[in-house]
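Peer 1: Sharing entry_25.pdb, PDB, C-alpha atoms:
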```
ATOM      1  CA  ILE A1182      -3.644   6.965 -12.921
ATOM      2  CA  LEU A1183      -1.056   4.919 -14.841
ATOM      3  CA  ILE A1184       2.523   5.954 -14.171
ATOM      4  CA  ASN A1185       5.174   4.464 -16.420
ATOM      5  CA  ASP A1186       8.309   4.649 -14.272
ATOM      6  CA  GLY A1187      10.811   4.229 -17.088
ATOM      7  CA  SER A1188       9.736   0.773 -18.272
ATOM      8  CA  LYS A1189      11.493  -0.673 -21.310
ATOM      9  CA  ASP A1190       9.146  -3.569 -22.105
ATOM     10  CA  GLY A1191       6.534  -1.830 -24.244
ATOM     11  CA  SER A1192       4.001  -1.472 -21.439
ATOM     12  CA  GLY A1193       3.879   2.270 -22.079
ATOM     13  CA  GLU A1194       2.206   1.631 -25.426
ATOM     14  CA  VAL A1195      -0.412  -0.507 -23.695
ATOM     15  CA  CYS A1196      -1.066   2.301 -21.203
ATOM     16  CA  LYS A1197      -1.420   4.843 -23.988
ATOM     17  CA  LYS A1198      -4.041   2.732 -25.762
ATOM     18  CA  TYR A1199      -6.134   2.496 -22.593
ATOM     19  CA  ALA A1200      -5.850   6.238 -21.997
ATOM     20  CA  GLU A1201      -6.974   6.932 -25.570
ATOM     21  CA  CYS A1202     -10.039   4.714 -25.134
ATOM     22  CA  ASP A1203     -11.172   5.967 -21.725
ATOM     23  CA  LYS A1204     -10.983   9.600 -20.605
ATOM     24  CA  ARG A1205     -11.017   8.537 -16.942
ATOM     25  CA  ILE A1206      -7.522   7.107 -17.392
ATOM     26  CA  ARG A1207      -4.558   9.440 -16.959
ATOM     27  CA  TYR A1208      -1.183   8.320 -18.267
ATOM     28  CA  ILE A1209       2.151   9.739 -17.101
ATOM     29  CA  GLU A1210       5.487   8.742 -18.618
ATOM     30  CA  ARG A1211       8.883   9.605 -17.161
ATOM     31  CA  GLU A1212      12.404   8.403 -16.447
ATOM     32  CA  ASN A1213      12.790   5.783 -13.735
ATOM     33  CA  LYS A1214      12.623   7.282 -10.235
ATOM     34  CA  GLY A1215      11.556   4.275  -8.168
ATOM     35  CA  ALA A1216       8.478   3.078  -6.305
ATOM     36  CA  SER A1217       8.378   5.834  -3.668
ATOM     37  CA  ALA A1218       8.502   8.701  -6.152
ATOM     38  CA  THR A1219       5.893   6.954  -8.282
ATOM     39  CA  ARG A1220       3.444   6.558  -5.418
ATOM     40  CA  ASN A1221       4.001  10.104  -4.216
ATOM     41  CA  GLU A1222       3.237  11.389  -7.710
ATOM     42  CA  GLY A1223       0.127   9.232  -7.992
ATOM     43  CA  ILE A1224      -1.180  10.512  -4.666
ATOM     44  CA  SER A1225      -0.517  14.133  -5.659
ATOM     45  CA  LEU A1226      -2.443  13.660  -8.923
ATOM     46  CA  ALA A1227      -5.390  11.798  -7.387
ATOM     47  CA  LEU A1228      -8.797  13.465  -7.583
ATOM     48  CA  GLY A1229     -11.059  10.661  -6.376
ATOM     49  CA  GLN A1230     -12.303   9.987  -2.868
ATOM     50  CA  TYR A1231     -10.120   6.918  -2.407
ATOM     51  CA  ILE A1232      -6.599   5.730  -3.148
ATOM     52  CA  GLN A1233      -5.628   2.179  -4.106
ATOM     53  CA  PHE A1234      -2.156   1.070  -5.209
ATOM     54  CA  VAL A1235      -1.607  -1.670  -7.801
ATOM     55  CA  ASP A1236       1.960  -2.672  -8.620
ATOM     56  CA  SER A1237       2.788  -3.453 -12.232
ATOM     57  CA  ASP A1238       3.546  -7.155 -11.681
ATOM     58  CA  ASP A1239       0.272  -7.792  -9.872
ATOM     59  CA  TYR A1240      -3.432  -8.016 -10.649
ATOM     60  CA  VAL A1241      -6.698  -7.564  -8.770
ATOM     61  CA  SER A1242     -10.126  -9.124  -8.469
ATOM     62  CA  ALA A1243     -12.807  -7.621 -10.711
ATOM     63  CA  SER A1244     -14.810  -6.920  -7.537
ATOM     64  CA  LEU A1245     -12.027  -5.186  -5.568
ATOM     65  CA  VAL A1246     -13.263  -1.622  -6.055
ATOM     66  CA  GLU A1247     -16.935  -2.482  -5.568
ATOM     67  CA  LYS A1248     -16.352  -4.378  -2.314
ATOM     68  CA  THR A1249     -13.781  -2.083  -0.732
ATOM     69  CA  VAL A1250     -15.504   1.195  -1.579
ATOM     70  CA  SER A1251     -18.830  -0.195  -0.377
ATOM     71  CA  CYS A1252     -17.193  -1.206   2.905
ATOM     72  CA  ALA A1253     -15.548   2.203   3.246
ATOM     73  CA  GLU A1254     -18.824   4.027   2.580
ATOM     74  CA  GLN A1255     -20.842   1.890   5.002
ATOM     75  CA  ASN A1256     -18.335   2.392   7.812
ATOM     76  CA  GLN A1257     -16.973   5.853   6.950
ATOM     77  CA  ALA A1258     -13.569   4.182   7.069
ATOM     78  CA  ASP A1259     -10.201   5.874   6.734
ATOM     79  CA  VAL A1260      -8.651   2.548   5.719
ATOM     80  CA  VAL A1261     -10.117  -0.765   4.535
ATOM     81  CA  VAL A1262      -7.856  -3.816   4.901
ATOM     82  CA  PHE A1263      -8.542  -6.916   2.787
ATOM     83  CA  ASP A1264      -7.055 -10.344   2.095
ATOM     84  CA  TYR A1265      -4.595 -11.010  -0.702
ATOM     85  CA  GLN A1266      -2.930 -13.979  -2.338
ATOM     86  CA  GLU A1267       0.764 -14.488  -2.992
ATOM     87  CA  ILE A1268       1.575 -16.291  -6.228
ATOM     88  CA  GLU A1269       5.025 -17.810  -6.775
ATOM     89  CA  LEU A1270       5.748 -17.202 -10.443
ATOM     90  CA  CYS A1271       8.310 -20.007 -10.815
ATOM     91  CA  SER A1272       6.417 -22.810  -9.059
ATOM     92  CA  GLY A1273       2.826 -21.597  -9.426
ATOM     93  CA  GLY A1274       2.369 -21.989  -5.667
ATOM     94  CA  LYS A1275      -0.344 -19.883  -4.042
ATOM     95  CA  GLN A1276      -0.853 -18.745  -0.448
ATOM     96  CA  THR A1277      -3.690 -16.567   0.817
ATOM     97  CA  ARG A1278      -2.703 -13.979   3.428
ATOM     98  CA  THR A1279      -5.250 -12.880   6.002
ATOM     99  CA  SER A1280      -5.098 -10.385   8.874
ATOM    100  CA  ALA A1281      -5.539 -11.342  12.527
ATOM    101  CA  LEU A1282      -8.045  -8.557  13.134
ATOM    102  CA  PRO A1283     -11.703  -8.405  14.183
ATOM    103  CA  ALA A1284     -13.638  -8.488  10.928
ATOM    104  CA  GLY A1285     -16.466  -6.207   9.794
ATOM    105  CA  GLN A1286     -16.187  -3.614  12.547
ATOM    106  CA  VAL A1287     -14.546  -0.240  13.028
ATOM    107  CA  ILE A1288     -11.256  -0.466  14.917
ATOM    108  CA  HIS A1289      -8.140   1.641  15.471
ATOM    109  CA  ALA A1290      -4.656   1.108  16.850
ATOM    110  CA  GLU A1291      -5.580   2.175  20.379
ATOM    111  CA  SER A1292      -8.386  -0.393  20.644
ATOM    112  CA  VAL A1293      -6.610  -3.125  18.635
ATOM    113  CA  PRO A1294      -2.819  -2.588  18.892
ATOM    114  CA  GLN A1295      -2.063  -5.626  16.691
ATOM    115  CA  LEU A1296      -3.292  -3.475  13.802
ATOM    116  CA  LEU A1297       0.265  -2.103  13.687
ATOM    117  CA  LEU A1298       1.658  -5.617  13.152
ATOM    118  CA  ILE A1299      -0.309  -6.618  10.061
ATOM    119  CA  THR A1300       1.478  -6.711   6.718
ATOM    120  CA  PRO A1301       2.820  -3.249   5.837
ATOM    121  CA  SER A1302       1.998  -3.799   2.168
ATOM    122  CA  ALA A1303       0.331  -0.738   0.673
ATOM    123  CA  CYS A1304      -1.571  -2.830  -1.864
ATOM    124  CA  ASN A1305      -4.026  -4.782   0.293
ATOM    125  CA  LYS A1306      -5.654  -1.617   1.604
ATOM    126  CA  LEU A1307      -7.999   1.125   0.389
ATOM    127  CA  TYR A1308      -7.403   4.632   1.747
ATOM    128  CA  LYS A1309      -9.639   7.660   2.062
ATOM    129  CA  ARG A1310      -7.730  10.315   0.149
ATOM    130  CA  SER A1311      -8.666  13.179   2.491
ATOM    131  CA  PHE A1312      -7.372  11.139   5.450
ATOM    132  CA  TRP A1313      -4.072  10.292   3.723
ATOM    133  CA  GLU A1314      -3.516  13.958   2.844
ATOM    134  CA  MET A1315      -4.291  14.954   6.428
ATOM    135  CA  THR A1316      -1.432  12.767   7.720
ATOM    136  CA  GLN A1317       1.037  14.610   5.433
ATOM    137  CA  ILE A1318       2.968  11.340   5.097
ATOM    138  CA  VAL A1319       5.019  10.865   1.929
ATOM    139  CA  TYR A1320       7.059   7.906   0.771
ATOM    140  CA  PRO A1321      10.814   8.178   1.457
ATOM    141  CA  GLU A1322      12.478   8.344  -1.946
ATOM    142  CA  GLY A1323      15.619   6.419  -2.808
ATOM    143  CA  ARG A1324      14.938   3.665  -0.276
ATOM    144  CA  ASN A1325      13.577   0.116  -0.459
ATOM    145  CA  PHE A1326      11.053  -1.316   2.038
ATOM    146  CA  GLU A1327       9.259   2.019   1.808
ATOM    147  CA  ASP A1328       5.909   0.471   2.810
ATOM    148  CA  LEU A1329       7.401  -0.526   6.174
ATOM    149  CA  SER A1330       8.102   3.149   6.815
ATOM    150  CA  VAL A1331       4.735   4.471   5.652
ATOM    151  CA  ILE A1332       1.899   2.028   6.310
ATOM    152  CA  PRO A1333       2.339   1.554  10.105
ATOM    153  CA  ARG A1334       2.353   5.361  10.436
ATOM    154  CA  ILE A1335      -0.816   5.573   8.358
ATOM    155  CA  LEU A1336      -2.517   2.889  10.461
ATOM    156  CA  LEU A1337      -1.386   4.534  13.685
ATOM    157  CA  GLN A1338      -3.236   7.728  12.771
ATOM    158  CA  ALA A1339      -6.351   6.136  11.264
ATOM    159  CA  GLY A1340      -9.369   6.590  13.511
ATOM    160  CA  ARG A1341     -11.583   4.213  11.538
ATOM    161  CA  VAL A1342     -10.141   0.999  10.090
ATOM    162  CA  VAL A1343     -12.232  -1.945   8.864
ATOM    163  CA  TYR A1344     -10.973  -5.415   8.011
ATOM    164  CA  LEU A1345     -12.970  -6.807   5.091
ATOM    165  CA  GLU A1346     -12.629 -10.557   5.535
ATOM    166  CA  GLY A1347     -13.326 -12.821   2.565
ATOM    167  CA  ASP A1348     -11.903 -13.990  -0.732
ATOM    168  CA  PRO A1349      -8.557 -12.427  -1.688
ATOM    169  CA  LEU A1350      -9.037  -9.277  -3.734
ATOM    170  CA  TYR A1351      -5.392  -8.606  -4.625
ATOM    171  CA  PHE A1352      -2.933 -11.003  -6.237
ATOM    172  CA  TYR A1353       0.721 -10.363  -5.436
ATOM    173  CA  VAL A1354       3.078 -11.998  -7.936
ATOM    174  CA  LEU A1355       6.447 -13.083  -6.517
ATOM    175  CA  ARG A1356       9.191 -13.241  -9.119
ATOM    176  CA  VAL A1357      12.901 -13.970  -9.042
ATOM    177  CA  GLY A1358      14.937 -10.774  -8.888
ATOM    178  CA  SER A1359      12.345  -8.616  -7.134
ATOM    179  CA  ILE A1360      13.456  -6.177  -4.428
ATOM    180  CA  MET A1361      11.668  -8.135  -1.727
ATOM    181  CA  ARG A1362      13.486 -11.322  -2.778
ATOM    182  CA  SER A1363      16.893  -9.757  -3.262
ATOM    183  CA  GLY A1364      19.897 -11.377  -1.629
ATOM    184  CA  ALA A1365      21.395  -8.010  -0.600
ATOM    185  CA  PHE A1366      20.806  -8.765   3.083
ATOM    186  CA  GLU A1367      23.044  -6.102   4.613
ATOM    187  CA  LYS A1368      21.509  -3.282   2.577
ATOM    188  CA  GLY A1369      18.043  -4.702   3.211
ATOM    189  CA  TRP A1370      18.634  -4.832   6.953
ATOM    190  CA  GLU A1371      19.835  -1.219   6.996
ATOM    191  CA  GLU A1372      16.817   0.010   5.042
ATOM    192  CA  ARG A1373      14.419  -1.923   7.287
ATOM    193  CA  ARG A1374      16.128  -0.292  10.287
ATOM    194  CA  LYS A1375      15.531   3.148   8.781
ATOM    195  CA  ALA A1376      11.878   2.284   8.182
ATOM    196  CA  ILE A1377      11.368   1.165  11.776
ATOM    197  CA  SER A1378      13.061   4.379  12.943
ATOM    198  CA  ASP A1379      10.474   6.371  10.981
ATOM    199  CA  VAL A1380       7.704   4.617  12.904
ATOM    200  CA  SER A1381       9.505   4.979  16.257
ATOM    201  CA  ASN A1382      10.037   8.680  15.661
ATOM    202  CA  LEU A1383       6.326   9.233  15.067
ATOM    203  CA  LEU A1384       5.458   7.348  18.270
ATOM    204  CA  GLU A1385       7.941   9.465  20.202
ATOM    205  CA  GLU A1386       6.639  12.667  18.625
ATOM    206  CA  LYS A1387       3.090  11.805  19.704
ATOM    207  CA  GLY A1388       4.124  10.565  23.173
ATOM    208  CA  MET A1389       2.976   7.017  22.395
ATOM    209  CA  GLU A1390       6.266   5.112  22.521
ATOM    210  CA  GLN A1391       5.469   3.341  25.824
ATOM    211  CA  GLN A1392       1.866   2.639  24.817
ATOM    212  CA  TYR A1393       2.948   0.758  21.694
ATOM    213  CA  LYS A1394       6.324  -0.542  22.847
TER     214      LYS A1394
END
```
Give the structure from this file in structure tokens form.
Peer 2:
Amino acid sequence: ILINDGSKDGSGEVCKKYAECDKRIRYIERENKGASATRNEGISLALGQYIQFVDSDDYVSASLVEKTVSCAEQNQADVVVFDYQEIELCSGGKQTRTSALPAGQVIHAESVPQLLLITPSACNKLYKRSFWEMTQIVYPEGRNFEDLSVIPRILLQAGRVVYLEGDPLYFYVLRVGSIMRSGAFEKGWEERRKAISDVSNLLEEKGMEQQYK
């Protein structure tokens, strides 16, 4: 599912060509609504067994789908977590990010609470679509740092999570001017606070606030 969220760089034409060549590809074009609305729309349109997010600046390993789906199938996982690499566009610097989790085994937040402290990025994880829909979680629209609101709540409710240790499968490109590297610190702090409140509210709702304090 390729969603063109109001791009003005000609990438829509590239998407159209792929969709014309391969019937498995669905292309949606619309005015800019932001990352949250885009992901919500992608999830609502998904028909496959699994969900994987790829941001437009980034790229993935050719073996990402094969390895993550195989891991999910073998372990009947709700979520598969995998390593990724950050690439600094200006300097060319690279840093591989791993997760401090037991590898190759089924875990959940109750057995391994540090699961809630891994990177909240949506992109270094594969999700079982039926599980995601069961949580009824949607991305908060009109806000930045939306992953910080959503992913800890997803991980909190996942009964079967597997960390697939190994070579990075996702490549996250850091560029000047991105939201994550914006200098708007006050606005960023306020939106992070809202995201943490979303997580705290879920813990309170489920009577888990002391357990995960």
Peer 1: Using only C-alpha atoms, find the one residue out of A:Gln1391, A:Asn1213, A:Thr1277, A:Gln1338 that sits nearest to Ile1318 (chain A).
Peer 2: A:Gln1338
Peer 1: Identify all residues satisfying the PyMOL selection byres ((chain A and resi 1259) around 8) in the given file; provide them as a ChimeraX atom specification.
Peer 2: /A:1253,1257-1258,1260-1261,1308-1309,1312,1339-1342
Peer 1: Would you mind reading off the distance between CA of Ser1330 (chain A) and CA of Lys1214 (chain A), one decimal, in Å?
Peer 2: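 About the pair CA of Ser1330 (chain A) and CA of Lys1214 (chain A): they are 18.1 Å apart.
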Peer 1: Please measure the separation of CA of Lys1387 (chain A) and CA of Leu1337 (chain A), giving the value in Å to one decimal.
Peer 2: 10.4 Å
Peer 1: Can you list, as number ranges by chain, the residues that the PyMOL selection byres ((chain A and resi 1284) around 8) selects here?
Peer 2: A: 1282-1283, 1285-1286, 1343-1346
Peer 1: Could you spell out the hits of the PyMOL selection byres ((chain A and resi 1377) around 12) on the shown file, as a list in words?
Peer 2: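 Evaluating the PyMOL selection byres ((chain A and resi 1377) around 12) on these coordinates yields Leu1297, Leu1298, Pro1301, Phe1326, Glu1327, Asp1328, Leu1329, Ser1330, Val1331, Ile1332, Pro1333, Arg1334, Trp1370, Glu1371, Glu1372, Arg1373, Arg1374, Lys1375, Ala1376, Ser1378, Asp1379, Val1380, Ser1381, Asn1382, Leu1383 and Leu1384 of chain A.
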Peer 1: What does the distance from CA of Glu1267 (chain A) to CA of Glu1322 (chain A) come to in Å, to one decimal?
Peer 2: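 CA of Glu1322 (chain A) lies at a distance of 25.7 Å from CA of Glu1267 (chain A).
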Peer 1: Find the residue from A:Ser1280, A:Ser1292, A:Asn1256, A:Gln1233 that sits nearest to Gly1347 (chain A); use all atoms listed in the file when measuring.
Peer 2: A:Ser1280
Peer 1: Can you write out as CSV which residues of region 1255-1370 of chain A fall within 9 Å of region 1245-1250 of chain A, alongside each residue's closest atom pair and its distance in Å to one decimal, counting all atoms listed in the file and ordering rows by chain and ascending residue number?
Peer 2:
```
residue,atom,partner,partner_atom,distance
A:Gln1255,CA,A:Val1250,CA,8.5
A:Val1261,CA,A:Thr1249,CA,6.6
A:Val1262,CA,A:Thr1249,CA,8.4
A:Phe1263,CA,A:Thr1249,CA,7.9
A:Lys1306,CA,A:Thr1249,CA,8.5
A:Leu1307,CA,A:Thr1249,CA,6.7
A:Leu1345,CA,A:Thr1249,CA,7.5
A:Pro1349,CA,A:Leu1245,CA,8.9
A:Leu1350,CA,A:Leu1245,CA,5.4
A:Tyr1351,CA,A:Leu1245,CA,7.5
```
Peer 1: Can you complete the atoms of region 1190-1217 of chain A to N, CA and C atoms and list them as a CSV table (one decimal), keeping the file's coordinate frame?
Peer 2:
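Result file follows (part_36.csv):
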```
chain,number,residue,atom,x,y,z
A,1190,ASP,N,9.7,-2.3,-21.6
A,1190,ASP,CA,9.1,-3.6,-22.1
A,1190,ASP,C,7.9,-3.4,-23.0
A,1191,GLY,N,7.7,-2.1,-23.4
A,1191,GLY,CA,6.5,-1.8,-24.2
A,1191,GLY,C,5.2,-1.6,-23.5
A,1192,SER,N,5.3,-1.7,-22.2
A,1192,SER,CA,4.0,-1.5,-21.4
A,1192,SER,C,3.5,-0.1,-21.6
A,1193,GLY,N,4.3,0.9,-21.9
A,1193,GLY,CA,3.9,2.3,-22.1
A,1193,GLY,C,2.9,2.4,-23.2
A,1194,GLU,N,3.1,1.6,-24.3
A,1194,GLU,CA,2.2,1.6,-25.4
A,1194,GLU,C,0.8,1.1,-25.0
A,1195,VAL,N,0.9,0.1,-24.2
A,1195,VAL,CA,-0.4,-0.5,-23.7
A,1195,VAL,C,-1.2,0.5,-22.9
A,1196,CYS,N,-0.4,1.2,-22.0
A,1196,CYS,CA,-1.1,2.3,-21.2
A,1196,CYS,C,-1.7,3.4,-22.1
A,1197,LYS,N,-0.9,3.8,-23.1
A,1197,LYS,CA,-1.4,4.8,-24.0
A,1197,LYS,C,-2.7,4.4,-24.7
A,1198,LYS,N,-2.8,3.2,-25.1
A,1198,LYS,CA,-4.0,2.7,-25.8
A,1198,LYS,C,-5.2,2.8,-24.8
A,1199,TYR,N,-5.0,2.4,-23.6
A,1199,TYR,CA,-6.1,2.5,-22.6
A,1199,TYR,C,-6.5,3.9,-22.4
A,1200,ALA,N,-5.6,4.8,-22.2
A,1200,ALA,CA,-5.8,6.2,-22.0
A,1200,ALA,C,-6.6,6.9,-23.2
A,1201,GLU,N,-6.3,6.4,-24.4
A,1201,GLU,CA,-7.0,6.9,-25.6
A,1201,GLU,C,-8.4,6.5,-25.6
A,1202,CYS,N,-8.7,5.3,-25.1
A,1202,CYS,CA,-10.0,4.7,-25.1
A,1202,CYS,C,-10.9,5.2,-24.0
A,1203,ASP,N,-10.4,5.6,-22.9
A,1203,ASP,CA,-11.2,6.0,-21.7
A,1203,ASP,C,-10.6,7.2,-21.1
A,1204,LYS,N,-11.4,8.3,-21.1
A,1204,LYS,CA,-11.0,9.6,-20.6
A,1204,LYS,C,-10.7,9.6,-19.1
A,1205,ARG,N,-11.3,8.6,-18.4
A,1205,ARG,CA,-11.0,8.5,-16.9
A,1205,ARG,C,-9.6,8.2,-16.6
A,1206,ILE,N,-8.9,7.6,-17.6
A,1206,ILE,CA,-7.5,7.1,-17.4
A,1206,ILE,C,-6.5,8.2,-17.7
A,1207,ARG,N,-5.6,8.4,-16.8
A,1207,ARG,CA,-4.6,9.4,-17.0
A,1207,ARG,C,-3.2,8.7,-17.0
A,1208,TYR,N,-2.4,9.0,-18.1
A,1208,TYR,CA,-1.2,8.3,-18.3
A,1208,TYR,C,0.0,9.3,-18.1
A,1209,ILE,N,1.0,8.9,-17.3
A,1209,ILE,CA,2.2,9.7,-17.1
A,1209,ILE,C,3.4,8.9,-17.4
A,1210,GLU,N,4.3,9.5,-18.2
A,1210,GLU,CA,5.5,8.7,-18.6
A,1210,GLU,C,6.7,9.6,-18.2
A,1211,ARG,N,7.7,8.9,-17.6
A,1211,ARG,CA,8.9,9.6,-17.2
A,1211,ARG,C,10.1,8.7,-17.0
A,1212,GLU,N,11.2,9.2,-16.7
A,1212,GLU,CA,12.4,8.4,-16.4
A,1212,GLU,C,12.2,7.7,-15.1
A,1213,ASN,N,12.9,6.6,-15.0
A,1213,ASN,CA,12.8,5.8,-13.7
A,1213,ASN,C,13.2,6.6,-12.5
A,1214,LYS,N,12.3,6.6,-11.5
A,1214,LYS,CA,12.6,7.3,-10.2
A,1214,LYS,C,12.4,6.4,-9.0
A,1215,GLY,N,11.8,5.2,-9.3
A,1215,GLY,CA,11.6,4.3,-8.2
A,1215,GLY,C,10.1,4.3,-7.6
A,1216,ALA,N,9.8,3.3,-6.8
A,1216,ALA,CA,8.5,3.1,-6.3
A,1216,ALA,C,8.0,4.2,-5.5
A,1217,SER,N,8.8,4.8,-4.6
A,1217,SER,CA,8.4,5.8,-3.7
A,1217,SER,C,8.0,7.1,-4.4
```
